Amino acid sequence: MNKSILLIISFLLFFSCKEVKKEKEVAEKTALVTQEMMETAIIYEANIRQYSLEGSFNEFTKDIPVLKELGVKIIWLMPVHPISMTKRKATGDTFVSDIEDIEERKKYMGSYYAVSDYRGVSSDYGTKDDLRNLIKVAHENEMLVILDWVPNHTGWDHQWIKEHPEFYTKNAKGEITDPLNEDGTPVGWQDVADLDYSNEDLQKAMIADLQYWLTDEAIDGFRCDVAGSVPIEFWQEAVPQLRKTKDIFMLAEAWEPELLKGTNLFDMCYGWESHFLMVDIAKGNKSVKDWDDYIVKMDTFYEKDDIIMNFTVNHDENSWKGTAKETFGEADEVMAVLSYLAPGMPLIYSGQEYDLNHKLKFFEKDSIPKTKGKYFELYKKLQDLKLNNPALNGGKDAASYTRIKTSDDAHILAYTREKNGKEITFIANLSNKANSFIIDYQGESKNYFTQKKEIFQKGKEVSLNPWSFLLLEH
């Protein structure tokens, strides 16, 4: 055999082995995305900027084992990309460029959602190697890492502004515009430029940037910002392509059921309706009857394998409206428990586990507390139950939900969830007054939090203080 043929064979063997190795690495990286994981998962929204005094990937990475104590299976990183300087927001409708004092300007870091480079990483948080290490440590702790992706718009510094102005929405004068409402009025996001998805080359470029994070950086999926504002035809093209690359987890910041249709689009959407309903119940504007109507609606609105993300706060609610305590008042604990016990997957936002008691600044540097208190222990107890009792499964094969009637269904929420012969029952007084009621429930159960035996008899009154609850295992 001559040398040239041997050289060709060696060349082909080398690249064949390299390709097999790459495929093996991809398979290993995707092994965490499973149906079983989704049933018991808790998702954590990581605000890297505010998570620590340093606001770095490295400081967050140190605490990944702590998050594991809370049962976190999915880490959602708020946008880590570089933020545009052009039209960078300072506060309200003020831009950094409006501030004369140079030192004052340095305080304002802009909106995470004004991305100037989809493939880049903001130096404010560290290097790409630092991010790679974060992902590596998360995987070692059996957690997925999903990136917050901003497909609806870019910052004004993005290279597409100059290189591909055809990718953007234009006004009557042919000028690139910020996002607009259907009536043509501004949404209020003047620091970003609106993308035009009627352009097929834009769609291809966006998919290529998404693919980069899956193939080159071991990311496990995406939380897609204002996903309902992007044409569904794009998602129907993009998500199946991404899923061919590797198994991924997809979260839509949206409520539209069509975004979860079938098996090839999003896995989970926002429980906006349940969130605002819990807020209204806490404020006395709605009752348990409205919760019952919501549950019935969900059964018909969504498919059985659709996952709803339940939350009491997230970055928007915290920064613009207030903490869980400010939002829910004395009902904050029972609503936190309800977010775990309702069908779906619970969210913890950075700082909630440490009893975050202030609104985190959105455009400036801030930080969360790091002292374990009431909520760390509460979330730990709830994750123990969620992890070990299939009656709290909340993924694509979720546990059943059966309402239990009481003599005061306007104020008392009572239901049982069941799967694989395991049951839990939740009984809560969702009102600001003490309540005595009769419940259509009998038998002996164990109070999960006190570990004491509870005996219920038909026709016998049960009493609960305002915003108090029982969580029963049987």
# chains A, B, ... in the order shown; residues from 1 in each chain; ligands from 1
>>> residues_around(residues="Phe426 of chain A", least_positions_apart="6", cutoff="8 Å", atoms="only C-alpha atoms", output="JSON, numbers by chain")
{"A": [341, 413, 414, 415, 416, 469, 470, 471, 472]}
>>> write_last_selection(atoms="N, CA and C atoms", output="mmCIF file, in the first residue's frame")
data_model
loop_
_atom_site.group_PDB
_atom_site.id
_atom_site.type_symbol
_atom_site.label_atom_id
_atom_site.label_comp_id
_atom_site.auth_asym_id
_atom_site.auth_seq_id
_atom_site.Cartn_x
_atom_site.Cartn_y
_atom_site.Cartn_z
ATOM 1 N N LEU A 341 -47.137 23.397 45.476
ATOM 2 C CA LEU A 341 -48.136 22.324 45.522
ATOM 3 C C LEU A 341 -49.125 22.357 44.368
ATOM 4 N N LEU A 413 -59.328 26.536 50.429
ATOM 5 C CA LEU A 413 -58.862 25.741 49.296
ATOM 6 C C LEU A 413 -58.394 24.396 49.828
ATOM 7 N N ALA A 414 -58.996 23.319 49.339
ATOM 8 C CA ALA A 414 -58.623 21.973 49.771
ATOM 9 C C ALA A 414 -58.583 21.063 48.548
ATOM 10 N N TYR A 415 -57.474 20.367 48.399
ATOM 11 C CA TYR A 415 -57.393 19.426 47.283
ATOM 12 C C TYR A 415 -56.366 18.341 47.597
ATOM 13 N N THR A 416 -56.501 17.219 46.864
ATOM 14 C CA THR A 416 -55.566 16.103 46.978
ATOM 15 C C THR A 416 -54.878 15.909 45.643
ATOM 16 N N PHE A 469 -52.359 26.908 56.885
ATOM 17 C CA PHE A 469 -52.589 25.747 56.017
ATOM 18 C C PHE A 469 -52.144 24.469 56.693
ATOM 19 N N LEU A 470 -52.631 23.368 56.148
ATOM 20 C CA LEU A 470 -52.201 22.019 56.548
ATOM 21 C C LEU A 470 -51.690 21.313 55.299
ATOM 22 N N LEU A 471 -50.579 20.648 55.435
ATOM 23 C CA LEU A 471 -50.037 19.844 54.353
ATOM 24 C C LEU A 471 -49.930 18.417 54.873
ATOM 25 N N LEU A 472 -50.734 17.529 54.308
ATOM 26 C CA LEU A 472 -50.909 16.194 54.863
ATOM 27 C C LEU A 472 -50.381 15.109 53.920
#
>>> residues_around(residues="Ile308 of chain A", least_positions_apart="4", cutoff="6 Å", atoms="only C-alpha atoms", output="list of chain:residue names")
A:Met268, A:Cys269, A:Tyr270, A:Gly271, A:Gly344
>>> select_by_dssp(residues="segment 120-159 of chain A", states="alpha helix (DSSP H)", output="PyMOL selection string")
chain A and resi 128-140
>>> write_last_selection(atoms="N, CA and C atoms", output="mmCIF file, in the first residue's frame")
data_model
loop_
_atom_site.group_PDB
_atom_site.id
_atom_site.type_symbol
_atom_site.label_atom_id
_atom_site.label_comp_id
_atom_site.auth_asym_id
_atom_site.auth_seq_id
_atom_site.Cartn_x
_atom_site.Cartn_y
_atom_site.Cartn_z
ATOM 1 N N LYS A 128 -15.696 34.124 29.316
ATOM 2 C CA LYS A 128 -16.427 32.961 28.816
ATOM 3 C C LYS A 128 -15.936 31.677 29.492
ATOM 4 N N ASP A 129 -14.647 31.637 29.831
ATOM 5 C CA ASP A 129 -14.128 30.481 30.577
ATOM 6 C C ASP A 129 -14.783 30.378 31.956
ATOM 7 N N ASP A 130 -15.051 31.535 32.578
ATOM 8 C CA ASP A 130 -15.744 31.525 33.872
ATOM 9 C C ASP A 130 -17.145 30.944 33.721
ATOM 10 N N LEU A 131 -17.815 31.323 32.632
ATOM 11 C CA LEU A 131 -19.151 30.795 32.378
ATOM 12 C C LEU A 131 -19.087 29.299 32.105
ATOM 13 N N ARG A 132 -18.077 28.878 31.350
ATOM 14 C CA ARG A 132 -17.919 27.448 31.076
ATOM 15 C C ARG A 132 -17.736 26.658 32.372
ATOM 16 N N ASN A 133 -16.995 27.222 33.290
ATOM 17 C CA ASN A 133 -16.796 26.552 34.573
ATOM 18 C C ASN A 133 -18.101 26.478 35.355
ATOM 19 N N LEU A 134 -18.898 27.548 35.303
ATOM 20 C CA LEU A 134 -20.211 27.546 35.960
ATOM 21 C C LEU A 134 -21.058 26.393 35.416
ATOM 22 N N ILE A 135 -21.081 26.259 34.089
ATOM 23 C CA ILE A 135 -21.870 25.192 33.462
ATOM 24 C C ILE A 135 -21.343 23.821 33.882
ATOM 25 N N LYS A 136 -20.015 23.688 33.910
ATOM 26 C CA LYS A 136 -19.391 22.424 34.295
ATOM 27 C C LYS A 136 -19.780 22.035 35.725
ATOM 28 N N VAL A 137 -19.685 22.987 36.642
ATOM 29 C CA VAL A 137 -20.023 22.708 38.047
ATOM 30 C C VAL A 137 -21.519 22.386 38.177
ATOM 31 N N ALA A 138 -22.356 23.100 37.442
ATOM 32 C CA ALA A 138 -23.794 22.804 37.471
ATOM 33 C C ALA A 138 -24.052 21.372 37.008
ATOM 34 N N HIS A 139 -23.417 20.973 35.907
ATOM 35 C CA HIS A 139 -23.603 19.613 35.394
ATOM 36 C C HIS A 139 -23.111 18.573 36.400
ATOM 37 N N GLU A 140 -22.006 18.870 37.070
ATOM 38 C CA GLU A 140 -21.497 17.946 38.087
ATOM 39 C C GLU A 140 -22.479 17.794 39.239
#
>>> residues_around(residues="segment 182-184 of chain A", least_positions_apart="6", cutoff="12 Å", atoms="only C-alpha atoms", output="list in words")
Thr169, Lys170, Asn171, Ala172 and Ser229 of chain A
>>> write_last_selection(atoms="N, CA and C atoms", output="PDB file, in the first residue's frame")
ATOM      1  N   THR A 169     -37.340  46.300  12.154  1.00  0.00           N
ATOM      2  CA  THR A 169     -38.603  46.981  11.847  1.00  0.00           C
ATOM      3  C   THR A 169     -38.319  48.459  11.547  1.00  0.00           C
ATOM      4  N   LYS A 170     -38.980  49.000  10.518  1.00  0.00           N
ATOM      5  CA  LYS A 170     -38.771  50.403  10.130  1.00  0.00           C
ATOM      6  C   LYS A 170     -40.072  51.187  10.270  1.00  0.00           C
ATOM      7  N   ASN A 171     -39.923  52.490  10.518  1.00  0.00           N
ATOM      8  CA  ASN A 171     -41.087  53.375  10.526  1.00  0.00           C
ATOM      9  C   ASN A 171     -41.332  53.927   9.125  1.00  0.00           C
ATOM     10  N   ALA A 172     -42.285  54.834   8.997  1.00  0.00           N
ATOM     11  CA  ALA A 172     -42.652  55.378   7.690  1.00  0.00           C
ATOM     12  C   ALA A 172     -41.485  56.081   7.015  1.00  0.00           C
ATOM     13  N   SER A 229     -44.283  37.455  21.443  1.00  0.00           N
ATOM     14  CA  SER A 229     -44.173  38.583  20.514  1.00  0.00           C
ATOM     15  C   SER A 229     -43.420  38.219  19.249  1.00  0.00           C
TER      16      SER A 229
END
>>> closest_residue(among="A:Asp366, A:Glu217, A:Glu258, A:Ile207", to="Val239 of chain A", atoms="only C-alpha atoms")
A:Ile207
>>> residues_around(residues="His411 of chain A", least_positions_apart="6", cutoff="10 Å", atoms="only C-alpha atoms", output="short mmCIF file (atom, residue, chain, number, x, y, z; two decimals) with N, CA and C atoms, in the first residue's frame")
data_model
loop_
_atom_site.label_atom_id
_atom_site.label_comp_id
_atom_site.auth_asym_id
_atom_site.auth_seq_id
_atom_site.Cartn_x
_atom_site.Cartn_y
_atom_site.Cartn_z
N ILE A 281 -56.05 37.23 45.36
CA ILE A 281 -56.63 36.56 46.53
C ILE A 281 -56.01 37.14 47.81
N LYS A 286 -60.06 38.70 44.90
CA LYS A 286 -60.58 37.47 44.31
C LYS A 286 -60.71 36.44 45.43
N SER A 287 -61.38 35.33 45.14
CA SER A 287 -61.60 34.30 46.15
C SER A 287 -61.13 32.95 45.65
N VAL A 288 -61.27 31.93 46.50
CA VAL A 288 -60.90 30.57 46.12
C VAL A 288 -61.75 30.09 44.95
N LYS A 289 -62.97 30.60 44.84
CA LYS A 289 -63.82 30.25 43.70
C LYS A 289 -63.12 30.57 42.39
N ALA A 428 -56.06 24.98 52.99
CA ALA A 428 -55.58 26.32 53.33
C ALA A 428 -56.73 27.30 53.49
N ASN A 429 -56.59 28.17 54.47
CA ASN A 429 -57.53 29.27 54.67
C ASN A 429 -56.96 30.49 53.93
N LEU A 430 -57.47 30.74 52.74
CA LEU A 430 -56.96 31.84 51.92
C LEU A 430 -57.79 33.10 52.16
N SER A 431 -57.80 33.53 53.43
CA SER A 431 -58.51 34.75 53.80
C SER A 431 -57.84 35.35 55.02
N ASN A 432 -58.20 36.60 55.31
CA ASN A 432 -57.57 37.31 56.43
C ASN A 432 -58.34 37.16 57.73
N LYS A 433 -59.25 36.18 57.78
CA LYS A 433 -60.02 35.93 59.00
C LYS A 433 -59.93 34.46 59.39
N ASN A 435 -61.13 30.86 60.38
CA ASN A 435 -62.25 30.19 59.74
C ASN A 435 -62.44 28.79 60.32
N PHE A 437 -64.78 25.33 59.53
CA PHE A 437 -65.51 24.79 58.38
C PHE A 437 -65.57 23.28 58.47
N PRO A 466 -56.06 32.85 59.92
CA PRO A 466 -55.89 33.53 58.64
C PRO A 466 -54.61 33.10 57.93
N TRP A 467 -54.70 32.80 56.65
CA TRP A 467 -53.56 32.48 55.79
C TRP A 467 -52.74 31.29 56.32
#
>>> closest_residue(among="A:Pro343, A:Gly155, A:Gly221, A:Pro390", to="Gln190 of chain A", atoms="only C-alpha atoms")
A:Gly155
>>> atom_distance(atom1="atom CA of Asp247 of chain A", atom2="atom CA of Thr61 of chain A")
23.4 Å
>>> closest_residue(among="A:Lys62, A:Arg223, A:Lys87, A:Lys453", to="Leu251 of chain A", atoms="only C-alpha atoms")
A:Arg223
>>> select_by_dssp(residues="segment 214-416 of chain A", states="strand (DSSP E or B)", output="PyMOL selection string")
chain A and resi 221-224+249-252+268-270+307-310+345-349+364+400-403+406+412-416
>>> residues_around(residues="Ile424 of chain A", least_positions_apart="4", cutoff="10 Å", atoms="only C-alpha atoms", output="PDB file with N, CA and C atoms, in the first residue's frame")
ATOM      1  N   LEU A 341     -47.137  23.397  45.476  1.00  0.00           N
ATOM      2  CA  LEU A 341     -48.136  22.324  45.522  1.00  0.00           C
ATOM      3  C   LEU A 341     -49.125  22.357  44.368  1.00  0.00           C
ATOM      4  N   LEU A 385     -40.077  17.028  49.928  1.00  0.00           N
ATOM      5  CA  LEU A 385     -41.361  16.399  49.612  1.00  0.00           C
ATOM      6  C   LEU A 385     -41.513  16.216  48.106  1.00  0.00           C
ATOM      7  N   ASN A 389     -41.891  12.400  46.854  1.00  0.00           N
ATOM      8  CA  ASN A 389     -43.283  11.979  46.792  1.00  0.00           C
ATOM      9  C   ASN A 389     -43.842  12.256  45.396  1.00  0.00           C
ATOM     10  N   PRO A 390     -44.144  11.221  44.610  1.00  0.00           N
ATOM     11  CA  PRO A 390     -44.647  11.422  43.242  1.00  0.00           C
ATOM     12  C   PRO A 390     -45.970  12.174  43.179  1.00  0.00           C
ATOM     13  N   ALA A 391     -46.649  12.319  44.321  1.00  0.00           N
ATOM     14  CA  ALA A 391     -47.903  13.088  44.338  1.00  0.00           C
ATOM     15  C   ALA A 391     -47.655  14.565  44.046  1.00  0.00           C
ATOM     16  N   LEU A 392     -46.387  14.995  44.057  1.00  0.00           N
ATOM     17  CA  LEU A 392     -46.070  16.368  43.670  1.00  0.00           C
ATOM     18  C   LEU A 392     -45.379  16.442  42.316  1.00  0.00           C
ATOM     19  N   TYR A 401     -55.006  16.143  40.329  1.00  0.00           N
ATOM     20  CA  TYR A 401     -55.469  17.199  41.231  1.00  0.00           C
ATOM     21  C   TYR A 401     -56.966  17.004  41.421  1.00  0.00           C
ATOM     22  N   TYR A 415     -57.474  20.367  48.399  1.00  0.00           N
ATOM     23  CA  TYR A 415     -57.393  19.426  47.283  1.00  0.00           C
ATOM     24  C   TYR A 415     -56.366  18.341  47.597  1.00  0.00           C
ATOM     25  N   THR A 416     -56.501  17.219  46.864  1.00  0.00           N
ATOM     26  CA  THR A 416     -55.566  16.103  46.978  1.00  0.00           C
ATOM     27  C   THR A 416     -54.878  15.909  45.643  1.00  0.00           C
ATOM     28  N   ARG A 417     -53.572  15.650  45.698  1.00  0.00           N
ATOM     29  CA  ARG A 417     -52.836  15.258  44.501  1.00  0.00           C
ATOM     30  C   ARG A 417     -52.367  13.825  44.697  1.00  0.00           C
ATOM     31  N   GLU A 418     -52.402  13.048  43.599  1.00  0.00           N
ATOM     32  CA  GLU A 418     -52.114  11.617  43.722  1.00  0.00           C
ATOM     33  C   GLU A 418     -51.373  11.114  42.490  1.00  0.00           C
ATOM     34  N   LYS A 419     -50.430  10.201  42.747  1.00  0.00           N
ATOM     35  CA  LYS A 419     -49.748   9.503  41.655  1.00  0.00           C
ATOM     36  C   LYS A 419     -49.055   8.266  42.228  1.00  0.00           C
ATOM     37  N   SER A 445     -53.949  11.158  58.832  1.00  0.00           N
ATOM     38  CA  SER A 445     -52.840  11.625  58.001  1.00  0.00           C
ATOM     39  C   SER A 445     -51.733  12.167  58.889  1.00  0.00           C
ATOM     40  N   LYS A 446     -50.568  12.343  58.275  1.00  0.00           N
ATOM     41  CA  LYS A 446     -49.443  12.939  58.995  1.00  0.00           C
ATOM     42  C   LYS A 446     -49.229  14.359  58.501  1.00  0.00           C
ATOM     43  N   ASN A 447     -49.186  15.295  59.447  1.00  0.00           N
ATOM     44  CA  ASN A 447     -48.885  16.682  59.104  1.00  0.00           C
ATOM     45  C   ASN A 447     -47.417  16.754  58.692  1.00  0.00           C
ATOM     46  N   TYR A 448     -47.165  17.146  57.443  1.00  0.00           N
ATOM     47  CA  TYR A 448     -45.803  17.089  56.916  1.00  0.00           C
ATOM     48  C   TYR A 448     -44.838  17.982  57.696  1.00  0.00           C
ATOM     49  N   LEU A 471     -50.579  20.648  55.435  1.00  0.00           N
ATOM     50  CA  LEU A 471     -50.037  19.844  54.353  1.00  0.00           C
ATOM     51  C   LEU A 471     -49.930  18.417  54.873  1.00  0.00           C
ATOM     52  N   LEU A 472     -50.734  17.529  54.308  1.00  0.00           N
ATOM     53  CA  LEU A 472     -50.909  16.194  54.863  1.00  0.00           C
ATOM     54  C   LEU A 472     -50.381  15.109  53.920  1.00  0.00           C
ATOM     55  N   GLU A 473     -49.677  14.168  54.483  1.00  0.00           N
ATOM     56  CA  GLU A 473     -49.223  12.985  53.745  1.00  0.00           C
ATOM     57  C   GLU A 473     -50.027  11.783  54.204  1.00  0.00           C
ATOM     58  N   HIS A 474     -50.457  10.951  53.267  1.00  0.00           N
ATOM     59  CA  HIS A 474     -51.191   9.745  53.629  1.00  0.00           C
ATOM     60  C   HIS A 474     -51.121   8.741  52.499  1.00  0.00           C
TER      61      HIS A 474
END
>>> closest_residue(among="A:Leu67, A:Ala398, A:Val187, A:Cys224", to="Thr40 of chain A", atoms="only C-alpha atoms")
A:Ala398
>>> closest_residue(among="A:Thr263, A:Gln241, A:Ser468, A:Gln236", to="Val337 of chain A", atoms="only C-alpha atoms")
A:Ser468
>>> residues_around(residues="Gly55 of chain A", least_positions_apart="6", cutoff="7 Å", atoms="only C-alpha atoms", output="PyMOL selection string")
chain A and resi 48-49+125
